[in-house]
Amino acid sequence: MNTPAPDQDNLSPVSGHVPVSLIDTHCHLDMKEFDEDRDEVIRRARESGFEALITVGSDLAGSIKGMELAGRHDFVFSAIGIHPHDAKDFTEDTYARLKTWSKNGKVVAIGETGLDYHYDHSPRDTQRAVFRRHLELGRETGLPVIIHSREAGPDTLEILTDSGVTSGVLHCFSGDQSMAEQAMSMGFYLSIAGPVTFRKSAQLRDIVRGIPDDYLLVETDAPYLTPEPWRGKRNEPSFMVNTVAEIARLRKVSPEDMARITTLNARRLFGIGTIPEKAAIAYQIRDSLYLNITNRCTNACSFCIRFRSDFVKGHNLRLGHEPSGGEVKAAIGDPSPYREIVFCGYGEPLQRLDLVKEVAGWVKERKGRVRINTNGHANLIHGRNVLPELAGLVDSISISLDAHDEATYNRICKPVFTNAFSEVVLFIREAKKYIPDVRVTVVELEGVDVEKSRQIAESLGAAFRVRKLDAVG
Ligand code: SF4
């Protein structure tokens, strides 16, 4: 996938409104703070566009109340468990009860469990033992585990590793970069809450910028951790829109993109809602519309997301068939509202040169702007110089160079052609003659000499940009 990393700064600031469905993956609707207006809070969440709320038990009474709420509201689900603060009250009878309740169809997770060495309300040995028992229950029931970890990173990771559990989330993540990477490498999601909006959360914001899309969840932890600008008030699920908007701002996508990504992740982890099965032909990211016209490619890049996932920014890109020109135009509709129409999906678009020319011409007639993201193999694929054919149809082209020499290119991109790297360089040179805006990119990878790559691009008169590994779309 040749999608460049985000390059716009003109994105929505914190807006307080996200017009797509959201899932609050962690709130405590059972708590007394909601006794006066619980139904109102749930109604406000529904009206703010939430498709699900997961109310998380901290003790037996809270778990029971959460199940009752889930029974009364179709879009409320529950998690059952004992918070580390109350680990001292955990008994074998607790385990048996949780196990029985886990069979309730609206119970979607075990937790919250974990370790809290900040308050130490229960002895640390007891917290560790009870955390292990919750992980056993997660393994036994097949449910994901919701983990609380405060000032207890090393022990949390050690216990998780020993448990063999790989399905769950570190809720309200407050660890460092190393902990984030270790948790994700074990398969755990990281859930971000209101503190990301706090002025002093610089480290958290840095981490949030770099979490791959596939590992990100969002939550309120209501009634706690109220995001700005409501800090100091009781938190509630509808306030999560500002947390989503801030995460979107940090990651240079739109709040709608962020909502789509995190909602898909929540559906996957907790098994709620439906996962889109049909691939998108046209899909929006930020204010551009991307076209997914083929899943074929003449490279097999080691970093290519299509080998790991069917989804980019919450859009399914695994095509069942290659769309016709008519299908692509119908998927675009009116191109004029978009900043650009970009040929870029799970494959090399210029494999379908005739379709690209047909659709690009159609977009240009409607005053749209056209970009192609390509691996630069088109002349090899078609056995001729195709760039003159794109003149007047394409405003911008982004070509993946991805290495500084042939040997490195062959190792990373595994092209089907010999001499592909030198042909990509020639393609860049030719592109400059026919397309107004030519950009060259490399992905930051071990063994890639970024400076040499930059020199190649600049010697050809092309703009140069480094893309971060795993930052797709
Ligand atoms: S394999 Fe093809 S689609 Fe995937 S990143 Fe490489 S050039 Fe792009």
# chains A, B, ... in the order shown; residues from 1 in each chain; ligands from 1
call {"tool": "closest_atom_pairs", "arguments": {"of": "chain A", "to": "ligand 1", "cutoff": "9 Å", "atoms": "only C-alpha atoms and all ligand atoms", "output": "Markdown table"}}
result
| residue | atom | partner | partner_atom_place_in_ligand_line | distance |
| --- | --- | --- | --- | --- |
| A:Met1 | CA | ligand 1 | 8 (Fe) | 3.2 |
| A:Asn2 | CA | ligand 1 | 8 (Fe) | 4.3 |
| A:Thr3 | CA | ligand 1 | 8 (Fe) | 7.7 |
| A:Asn295 | CA | ligand 1 | 3 (S) | 7.6 |
| A:Arg296 | CA | ligand 1 | 3 (S) | 7.6 |
| A:Cys297 | CA | ligand 1 | 2 (Fe) | 4.7 |
| A:Thr298 | CA | ligand 1 | 2 (Fe) | 6.3 |
| A:Asn299 | CA | ligand 1 | 1 (S) | 4.4 |
| A:Ala300 | CA | ligand 1 | 1 (S) | 3.9 |
| A:Cys301 | CA | ligand 1 | 6 (Fe) | 4.2 |
| A:Ser302 | CA | ligand 1 | 1 (S) | 7.5 |
| A:Phe303 | CA | ligand 1 | 5 (S) | 6.5 |
| A:Cys304 | CA | ligand 1 | 5 (S) | 4.2 |
| A:Ile305 | CA | ligand 1 | 4 (Fe) | 6.7 |
| A:Arg306 | CA | ligand 1 | 4 (Fe) | 6.3 |
| A:Phe307 | CA | ligand 1 | 4 (Fe) | 8.0 |
| A:Cys344 | CA | ligand 1 | 3 (S) | 8.4 |
| A:Gly345 | CA | ligand 1 | 3 (S) | 7.2 |
| A:Tyr346 | CA | ligand 1 | 3 (S) | 5.3 |
| A:Gly347 | CA | ligand 1 | 3 (S) | 4.1 |
| A:Glu348 | CA | ligand 1 | 3 (S) | 5.5 |
| A:Pro349 | CA | ligand 1 | 3 (S) | 8.8 |
| A:Asn373 | CA | ligand 1 | 8 (Fe) | 8.5 |
| A:Thr374 | CA | ligand 1 | 7 (S) | 6.9 |
| A:Asn375 | CA | ligand 1 | 7 (S) | 4.9 |
| A:Gly376 | CA | ligand 1 | 7 (S) | 8.5 |
| A:Ser400 | CA | ligand 1 | 7 (S) | 7.1 |
| A:Asp402 | CA | ligand 1 | 6 (Fe) | 8.9 |
| A:Ile412 | CA | ligand 1 | 6 (Fe) | 8.9 |
| A:Cys413 | CA | ligand 1 | 6 (Fe) | 6.1 |
| A:Lys414 | CA | ligand 1 | 1 (S) | 8.3 |
| A:Pro415 | CA | ligand 1 | 1 (S) | 8.4 |
call {"tool": "residues_around", "arguments": {"residues": "Ala45 of chain A", "least_positions_apart": "3", "cutoff": "10 Å", "atoms": "only C-alpha atoms", "output": "list in words"}}
result
Leu22, Ile23, Asp24, Asp39, Glu40, Val41, Ile42, Ser48, Gly49, Phe50, Glu51, Ala52, Leu53, Glu236, Pro237, Ser238, Phe239 and Met240 of chain A
call {"tool": "atom_distance", "arguments": {"atom1": "atom CA of Ala331 of chain A", "atom2": "atom CA of Arg251 of chain A"}}
result
26.7 Å
call {"tool": "residues_around", "arguments": {"residues": "Asp30 of chain A", "least_positions_apart": "5", "cutoff": "8 Å", "atoms": "only C-alpha atoms", "output": "ChimeraX atom specification"}}
result
/A:55,57,62,65-66,69
call {"tool": "write_last_selection", "arguments": {"atoms": "N, CA and C atoms", "output": "compact mmCIF listing (two decimals), in the first residue's frame"}}
result
# COMPACT_ATOMS: atom_id res chain seq x y z
N THR A 55 -19.98 -1.10 30.50
CA THR A 55 -19.90 -0.71 31.90
C THR A 55 -19.12 -1.79 32.65
N GLY A 57 -17.32 -3.63 35.85
CA GLY A 57 -17.46 -3.88 37.28
C GLY A 57 -16.14 -3.75 38.01
N GLY A 62 -20.98 -4.07 41.86
CA GLY A 62 -20.90 -3.30 40.61
C GLY A 62 -21.06 -4.19 39.39
N LYS A 65 -24.76 -4.97 39.10
CA LYS A 65 -25.50 -3.80 38.61
C LYS A 65 -25.23 -3.56 37.12
N GLY A 66 -23.98 -3.79 36.74
CA GLY A 66 -23.62 -3.63 35.31
C GLY A 66 -24.40 -4.61 34.45
N LEU A 69 -27.95 -3.36 34.09
CA LEU A 69 -28.05 -2.26 33.12
C LEU A 69 -27.95 -2.78 31.69
call {"tool": "residues_around", "arguments": {"residues": "Asp449 of chain A", "least_positions_apart": "2", "cutoff": "12 Å", "atoms": "only C-alpha atoms", "output": "list in words"}}
result
Leu401, Asp402, Ala403, His404, Asp405, Thr408, Tyr409, Val442, Val443, Glu444, Leu445, Glu446, Gly447, Glu451, Lys452, Ser453, Arg454, Gln455, Ile456 and Val466 of chain A
call {"tool": "atom_distance", "arguments": {"atom1": "atom CA of Gly142 of chain A", "atom2": "atom CA of Ala109 of chain A"}}
result
8.9 Å
call {"tool": "atom_distance", "arguments": {"atom1": "atom CA of Leu317 of chain A", "atom2": "atom CA of Asp257 of chain A"}}
result
15.1 Å
